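Q: Could you have a look at this structure, given as structure tokens, before my questions?
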Amino acid sequence: MLRTKFHRIIVVALLVSIACPVLGEERDAAPTGYEVTVVAETRGRLTLESEINSKLNETGDTITASLIEPIYAEGRLVFVKGTEFRGQITDVEQAKRLQRRGNISIVFDRVVMPWGEEPVSVQVTSIDDWNENQKIRGNSSGKMKAPRQGDRTLHNAGRGGTVGAGVSLIGLLFGGAAGAGGRVLSGLSGAGIAIGAISGVLLTKGGEVRSAPGVILRIKFTKPFTTTLRPVPPSQAHPN
């Protein structure tokens with residue numbers, strides 16, 4: 001009986017002596033945090049979670065989106081897939097006549113890290129709408145204009161031309177009845193077709209920037225982002 005207890009004590013002691021050094025090595029090997037910088041001009045892609053409409057949105061409206069693929073810097077994983085970016089509309093203008101297209105600017109100024117929010121400076125450079133088969137590119141300041149709508153312009157030009165044609169018909173009728181003076185009127189009314197078509201184009205409103213949740217936002221960091229990262233799980237380690 002005593003011998004059995006003695007053997008058990010020896011076994012427990014051996015297990016403890018083996019486990020303690022291993023635990024100590026794991027504790028010493030675990031990083032306490034490291035600083036890393038995502039440089040300016042770093043690119044990424046987000047999935048839009050909000051809705052965008054240059055006719056309805058106002059400056060200051062909040063926008064949220066999530067990262068499609070992880071972003072690395074200095075060989076370290078900085079932003080995991082699905083990281084949420086939060087921002088706002090910094091400028092918006094709805095479409096107007098004379099084919100002035102609506103435009104919108106979006107900036108993300110916060111990112112949700114596992115330990116809380118951190119400030120960032122991220123600009124949306126374009127919107128990829130795969131459902132509508134269209135791409136809206138931004139200029140150097142991030143302003144994105146709605147695509148041109150040729151179909152609407154042609155439609156309104158046709159409507160204007162129809163009105164002009166009506167005037168021309170009246171001119172022709174008067175021209176046939178009034179001799180040379182009528183021929184002048186007929187010529188003027190003939191020009192009404194062209195004038196009507198041009199008026200239809202000039203009175204056409206430009207398109208609006210409209211994007212539903214799920215479209216792709218291409219982004220770039222306009223300023224460096226520096227943070228102290230926590231230990232990264234092995235499953236999220238750099239593939240290289």
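Residue numbers start at 1 in each chain; chains themselves are named A, B, ... in the order of the structure tokens; ligands are numbered from 1 in the order shown.
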Sorted by chain and rising residue number, list the residues of stretch 67-151 of chain A at most 7 Å from stretch 41-57 of chain A (counting only C-alpha atoms), each with its closest atom pair and distance in Å to one decimal, as a tab-separated table.
A:
```
residue	atom	partner	partner_atom	distance
A:Leu67	CA	A:Leu46	CA	4.4
A:Ile68	CA	A:Leu46	CA	5.3
A:Val92	CA	A:Ser54	CA	6.0
A:Glu93	CA	A:Ser54	CA	6.1
A:Gln94	CA	A:Lys55	CA	4.7
A:Gly102	CA	A:Ser54	CA	5.9
A:Asn103	CA	A:Ser54	CA	6.2
A:Ile104	CA	A:Ser54	CA	6.1
```
Q: Pull N, CA and C atoms from the residues just selected and write them as a short mmCIF file (atom, residue, chain, number, x, y, z; two decimals), in the first residue's frame.
A:
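Once written, part.cif looks like this:
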```
data_model
loop_
_atom_site.label_atom_id
_atom_site.label_comp_id
_atom_site.auth_asym_id
_atom_site.auth_seq_id
_atom_site.Cartn_x
_atom_site.Cartn_y
_atom_site.Cartn_z
N LEU A 67 -13.72 44.43 -44.29
CA LEU A 67 -12.57 44.08 -45.12
C LEU A 67 -12.78 42.73 -45.80
N ILE A 68 -12.48 42.68 -47.10
CA ILE A 68 -12.67 41.45 -47.87
C ILE A 68 -11.53 40.47 -47.66
N VAL A 92 -21.21 65.62 -50.68
CA VAL A 92 -22.22 65.00 -51.54
C VAL A 92 -22.98 66.09 -52.29
N GLU A 93 -23.33 65.78 -53.52
CA GLU A 93 -24.08 66.73 -54.35
C GLU A 93 -24.97 65.93 -55.29
N GLN A 94 -26.26 66.24 -55.28
CA GLN A 94 -27.17 65.49 -56.13
C GLN A 94 -27.13 66.01 -57.56
N GLY A 102 -24.52 63.58 -60.17
CA GLY A 102 -24.35 63.57 -58.73
C GLY A 102 -22.97 63.04 -58.37
N ASN A 103 -22.45 63.46 -57.24
CA ASN A 103 -21.15 62.97 -56.80
C ASN A 103 -21.13 62.81 -55.29
N ILE A 104 -20.17 62.04 -54.81
CA ILE A 104 -20.09 61.74 -53.39
C ILE A 104 -18.65 61.42 -53.01
#
```
Q: Would you list the contacts of A:Thr228 as JSON, numbers by chain, taking every protein, DNA or RNA residue within 8 Å and counting only C-alpha atoms, but skipping same-chain residues closer than 5 positions in sequence?
A: {"A": [33, 34, 35, 36]}
Q: Next, write the just-selected residues to a file, as an mmCIF file, in the first residue's frame, keeping C-alpha atoms as the atom set.
A:
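Once everything was written out, this is selection-v5.cif:
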```cif
data_model
loop_
_atom_site.group_PDB
_atom_site.id
_atom_site.type_symbol
_atom_site.label_atom_id
_atom_site.label_comp_id
_atom_site.auth_asym_id
_atom_site.auth_seq_id
_atom_site.Cartn_x
_atom_site.Cartn_y
_atom_site.Cartn_z
ATOM 1 C CA GLY A 33 2.911 43.188 -28.440
ATOM 2 C CA TYR A 34 4.775 44.732 -31.348
ATOM 3 C CA GLU A 35 4.493 48.008 -33.235
ATOM 4 C CA VAL A 36 3.816 47.931 -36.948
#
```
Q: So what do you get for atom CA of A:Gln88 versus atom CA of A:Gln134, distance-wise?
A: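 Separation between atom CA of A:Gln88 and atom CA of A:Gln134: 22.8 Å.
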Q: Write out as a PyMOL selection string the residues lying within 7 Å of stretch 72-84 of chain A, counting only C-alpha atoms and excluding same-chain residues fewer than 3 positions away.
A: chain A and resi 36-38+64-69+111-112+237-238
Q: Could you save the residues just selected, with N, CA and C atoms, as a PDB file, in the first residue's frame?
A:
```pdb
ATOM      1  N   VAL A  36       3.740  48.119 -35.508  1.00  0.00           N
ATOM      2  CA  VAL A  36       3.816  47.931 -36.948  1.00  0.00           C
ATOM      3  C   VAL A  36       3.135  49.119 -37.623  1.00  0.00           C
ATOM      4  N   THR A  37       3.600  49.447 -38.823  1.00  0.00           N
ATOM      5  CA  THR A  37       3.049  50.590 -39.554  1.00  0.00           C
ATOM      6  C   THR A  37       2.571  50.170 -40.935  1.00  0.00           C
ATOM      7  N   VAL A  38       1.323  50.504 -41.223  1.00  0.00           N
ATOM      8  CA  VAL A  38       0.776  50.357 -42.569  1.00  0.00           C
ATOM      9  C   VAL A  38       1.045  51.671 -43.288  1.00  0.00           C
ATOM     10  N   THR A  64     -20.460  52.219 -42.985  1.00  0.00           N
ATOM     11  CA  THR A  64     -19.681  51.097 -42.460  1.00  0.00           C
ATOM     12  C   THR A  64     -19.407  50.093 -43.578  1.00  0.00           C
ATOM     13  N   ALA A  65     -18.271  49.420 -43.469  1.00  0.00           N
ATOM     14  CA  ALA A  65     -17.891  48.417 -44.459  1.00  0.00           C
ATOM     15  C   ALA A  65     -16.930  47.440 -43.788  1.00  0.00           C
ATOM     16  N   SER A  66     -16.810  46.251 -44.361  1.00  0.00           N
ATOM     17  CA  SER A  66     -15.939  45.221 -43.784  1.00  0.00           C
ATOM     18  C   SER A  66     -14.886  44.781 -44.800  1.00  0.00           C
ATOM     19  N   LEU A  67     -13.718  44.427 -44.290  1.00  0.00           N
ATOM     20  CA  LEU A  67     -12.571  44.076 -45.116  1.00  0.00           C
ATOM     21  C   LEU A  67     -12.785  42.728 -45.803  1.00  0.00           C
ATOM     22  N   ILE A  68     -12.481  42.681 -47.101  1.00  0.00           N
ATOM     23  CA  ILE A  68     -12.672  41.448 -47.870  1.00  0.00           C
ATOM     24  C   ILE A  68     -11.527  40.473 -47.662  1.00  0.00           C
ATOM     25  N   GLU A  69     -10.289  40.977 -47.705  1.00  0.00           N
ATOM     26  CA  GLU A  69      -9.131  40.124 -47.483  1.00  0.00           C
ATOM     27  C   GLU A  69      -8.205  40.801 -46.484  1.00  0.00           C
ATOM     28  N   VAL A 111     -11.248  52.289 -37.365  1.00  0.00           N
ATOM     29  CA  VAL A 111     -11.227  50.865 -37.646  1.00  0.00           C
ATOM     30  C   VAL A 111     -11.415  50.126 -36.322  1.00  0.00           C
ATOM     31  N   VAL A 112     -12.211  49.073 -36.351  1.00  0.00           N
ATOM     32  CA  VAL A 112     -12.524  48.323 -35.136  1.00  0.00           C
ATOM     33  C   VAL A 112     -11.543  47.166 -34.997  1.00  0.00           C
ATOM     34  N   ALA A 237      -1.678  33.352 -39.047  1.00  0.00           N
ATOM     35  CA  ALA A 237      -0.296  33.738 -39.316  1.00  0.00           C
ATOM     36  C   ALA A 237      -0.119  34.029 -40.808  1.00  0.00           C
ATOM     37  N   HIS A 238       0.938  34.776 -41.118  1.00  0.00           N
ATOM     38  CA  HIS A 238       1.226  35.124 -42.501  1.00  0.00           C
ATOM     39  C   HIS A 238       1.454  33.859 -43.322  1.00  0.00           C
TER      40      HIS A 238
END
```
Q: With the cut-off set at 8 Å and counting only C-alpha atoms, tabulate each residue of stretch 76-138 of chain A with an atom at most that distance from an atom of stretch 202-226 of chain A, showing the nearest atom pair and its distance in Å to one decimal, ordered by chain and increasing number, as CSV.
A:
```
residue,atom,partner,partner_atom,distance
A:Gln94,CA,A:Glu208,CA,6.5
A:Ala95,CA,A:Gly206,CA,5.1
A:Lys96,CA,A:Lys205,CA,5.0
A:Arg97,CA,A:Lys205,CA,4.0
A:Leu98,CA,A:Leu202,CA,4.5
A:Gln99,CA,A:Gly206,CA,4.0
A:Arg100,CA,A:Gly206,CA,4.7
A:Arg101,CA,A:Gly206,CA,4.0
A:Gly102,CA,A:Glu208,CA,4.6
A:Asn103,CA,A:Val209,CA,6.2
A:Ile104,CA,A:Val209,CA,7.1
A:Val120,CA,A:Phe225,CA,6.2
A:Ser121,CA,A:Thr222,CA,5.6
A:Val122,CA,A:Phe221,CA,4.4
A:Gln123,CA,A:Ile219,CA,5.5
A:Val124,CA,A:Ile219,CA,4.4
A:Thr125,CA,A:Ile219,CA,5.4
A:Ser126,CA,A:Arg218,CA,5.3
A:Ile127,CA,A:Leu217,CA,4.8
A:Asp128,CA,A:Ile216,CA,5.0
A:Asp129,CA,A:Val215,CA,5.1
A:Trp130,CA,A:Val215,CA,7.1
```
Q: Mind writing the picked residues with N, CA and C atoms as a PDB file, in the first residue's frame?
A:
```pdb
ATOM      1  N   GLN A  94     -26.255  66.243 -55.278  1.00  0.00           N
ATOM      2  CA  GLN A  94     -27.171  65.492 -56.128  1.00  0.00           C
ATOM      3  C   GLN A  94     -27.127  66.007 -57.556  1.00  0.00           C
ATOM      4  N   ALA A  95     -27.631  65.191 -58.466  1.00  0.00           N
ATOM      5  CA  ALA A  95     -27.598  65.517 -59.889  1.00  0.00           C
ATOM      6  C   ALA A  95     -28.463  66.743 -60.179  1.00  0.00           C
ATOM      7  N   LYS A  96     -28.074  67.474 -61.240  1.00  0.00           N
ATOM      8  CA  LYS A  96     -28.823  68.667 -61.663  1.00  0.00           C
ATOM      9  C   LYS A  96     -29.005  68.634 -63.174  1.00  0.00           C
ATOM     10  N   ARG A  97     -29.778  69.580 -63.654  1.00  0.00           N
ATOM     11  CA  ARG A  97     -29.971  69.666 -65.099  1.00  0.00           C
ATOM     12  C   ARG A  97     -28.674  70.068 -65.782  1.00  0.00           C
ATOM     13  N   LEU A  98     -28.704  70.135 -67.091  1.00  0.00           N
ATOM     14  CA  LEU A  98     -27.501  70.338 -67.901  1.00  0.00           C
ATOM     15  C   LEU A  98     -26.545  69.160 -67.735  1.00  0.00           C
ATOM     16  N   GLN A  99     -27.115  68.001 -67.417  1.00  0.00           N
ATOM     17  CA  GLN A  99     -26.378  66.742 -67.300  1.00  0.00           C
ATOM     18  C   GLN A  99     -25.304  66.778 -66.214  1.00  0.00           C
ATOM     19  N   ARG A 100     -25.508  67.581 -65.198  1.00  0.00           N
ATOM     20  CA  ARG A 100     -24.562  67.612 -64.082  1.00  0.00           C
ATOM     21  C   ARG A 100     -24.811  66.397 -63.190  1.00  0.00           C
ATOM     22  N   ARG A 101     -23.840  65.517 -63.157  1.00  0.00           N
ATOM     23  CA  ARG A 101     -23.998  64.248 -62.443  1.00  0.00           C
ATOM     24  C   ARG A 101     -23.819  64.423 -60.930  1.00  0.00           C
ATOM     25  N   GLY A 102     -24.525  63.578 -60.174  1.00  0.00           N
ATOM     26  CA  GLY A 102     -24.355  63.572 -58.728  1.00  0.00           C
ATOM     27  C   GLY A 102     -22.975  63.036 -58.369  1.00  0.00           C
ATOM     28  N   ASN A 103     -22.451  63.457 -57.237  1.00  0.00           N
ATOM     29  CA  ASN A 103     -21.151  62.965 -56.796  1.00  0.00           C
ATOM     30  C   ASN A 103     -21.131  62.807 -55.288  1.00  0.00           C
ATOM     31  N   ILE A 104     -20.174  62.044 -54.814  1.00  0.00           N
ATOM     32  CA  ILE A 104     -20.094  61.741 -53.385  1.00  0.00           C
ATOM     33  C   ILE A 104     -18.645  61.417 -53.006  1.00  0.00           C
ATOM     34  N   VAL A 120      -7.952  55.973 -38.264  1.00  0.00           N
ATOM     35  CA  VAL A 120      -7.268  55.725 -39.527  1.00  0.00           C
ATOM     36  C   VAL A 120      -7.612  56.862 -40.484  1.00  0.00           C
ATOM     37  N   SER A 121      -6.905  56.914 -41.576  1.00  0.00           N
ATOM     38  CA  SER A 121      -7.196  57.880 -42.636  1.00  0.00           C
ATOM     39  C   SER A 121      -7.250  57.115 -43.945  1.00  0.00           C
ATOM     40  N   VAL A 122      -8.478  56.743 -44.338  1.00  0.00           N
ATOM     41  CA  VAL A 122      -8.676  55.867 -45.485  1.00  0.00           C
ATOM     42  C   VAL A 122      -9.678  56.507 -46.441  1.00  0.00           C
ATOM     43  N   GLN A 123      -9.334  56.533 -47.709  1.00  0.00           N
ATOM     44  CA  GLN A 123     -10.170  57.151 -48.733  1.00  0.00           C
ATOM     45  C   GLN A 123     -10.719  56.093 -49.682  1.00  0.00           C
ATOM     46  N   VAL A 124     -11.970  56.239 -50.074  1.00  0.00           N
ATOM     47  CA  VAL A 124     -12.557  55.351 -51.080  1.00  0.00           C
ATOM     48  C   VAL A 124     -12.147  55.860 -52.457  1.00  0.00           C
ATOM     49  N   THR A 125     -11.520  54.998 -53.242  1.00  0.00           N
ATOM     50  CA  THR A 125     -11.035  55.403 -54.564  1.00  0.00           C
ATOM     51  C   THR A 125     -11.982  55.010 -55.695  1.00  0.00           C
ATOM     52  N   SER A 126     -12.804  53.991 -55.474  1.00  0.00           N
ATOM     53  CA  SER A 126     -13.774  53.597 -56.498  1.00  0.00           C
ATOM     54  C   SER A 126     -14.814  52.662 -55.909  1.00  0.00           C
ATOM     55  N   ILE A 127     -15.911  52.531 -56.631  1.00  0.00           N
ATOM     56  CA  ILE A 127     -16.991  51.621 -56.268  1.00  0.00           C
ATOM     57  C   ILE A 127     -17.164  50.624 -57.401  1.00  0.00           C
ATOM     58  N   ASP A 128     -17.082  49.332 -57.084  1.00  0.00           N
ATOM     59  CA  ASP A 128     -17.301  48.272 -58.073  1.00  0.00           C
ATOM     60  C   ASP A 128     -18.668  47.645 -57.815  1.00  0.00           C
ATOM     61  N   ASP A 129     -19.596  47.871 -58.738  1.00  0.00           N
ATOM     62  CA  ASP A 129     -20.940  47.312 -58.605  1.00  0.00           C
ATOM     63  C   ASP A 129     -21.087  46.177 -59.618  1.00  0.00           C
ATOM     64  N   TRP A 130     -20.886  44.950 -59.154  1.00  0.00           N
ATOM     65  CA  TRP A 130     -20.925  43.801 -60.048  1.00  0.00           C
ATOM     66  C   TRP A 130     -22.334  43.496 -60.532  1.00  0.00           C
TER      67      TRP A 130
END
```
Q: With only C-alpha atoms as the counted atoms, please give the residues lying no more than 7 Å from A:Met144, apart from itself and same-chain residues fewer than 2 positions off, as a PDB file with C-alpha atoms, in the first residue's frame.
A:
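The result, written out as out05.pdb:
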```pdb
ATOM      1  CA  ASN A 103     -21.151  62.965 -56.796  1.00  0.00           C
ATOM      2  CA  ILE A 104     -20.094  61.741 -53.385  1.00  0.00           C
ATOM      3  CA  SER A 105     -16.937  61.447 -51.257  1.00  0.00           C
ATOM      4  CA  ILE A 136     -17.458  54.540 -60.375  1.00  0.00           C
ATOM      5  CA  ARG A 137     -13.959  55.975 -60.087  1.00  0.00           C
ATOM      6  CA  GLY A 138     -12.903  58.755 -57.760  1.00  0.00           C
ATOM      7  CA  ASN A 139     -10.579  61.627 -58.592  1.00  0.00           C
ATOM      8  CA  GLY A 142     -11.823  60.992 -53.608  1.00  0.00           C
ATOM      9  CA  ALA A 146     -22.150  59.012 -61.231  1.00  0.00           C
TER      10      ALA A 146
END
```
Q: Please indicate the distance in Å from atom CA of A:Asp109 to atom CA of A:Pro147, rounded to one decimal place.
A: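 Computing the Euclidean distance for atom CA of A:Asp109 and atom CA of A:Pro147 yields 26.5 Å.
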Q: What is the atom CA of A:Arg230 to atom CA of A:Gly87 distance in Å?
A: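 Between atom CA of A:Arg230 and atom CA of A:Gly87 the gap is 24.1 Å.
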Q: Based on DSSP run over this structure's backbone, return all residues of stretch 43-78 of chain A in strand (DSSP E or B), as a PyMOL selection string.
A: chain A and resi 43-48+52-53+62-67+71-73+76-78
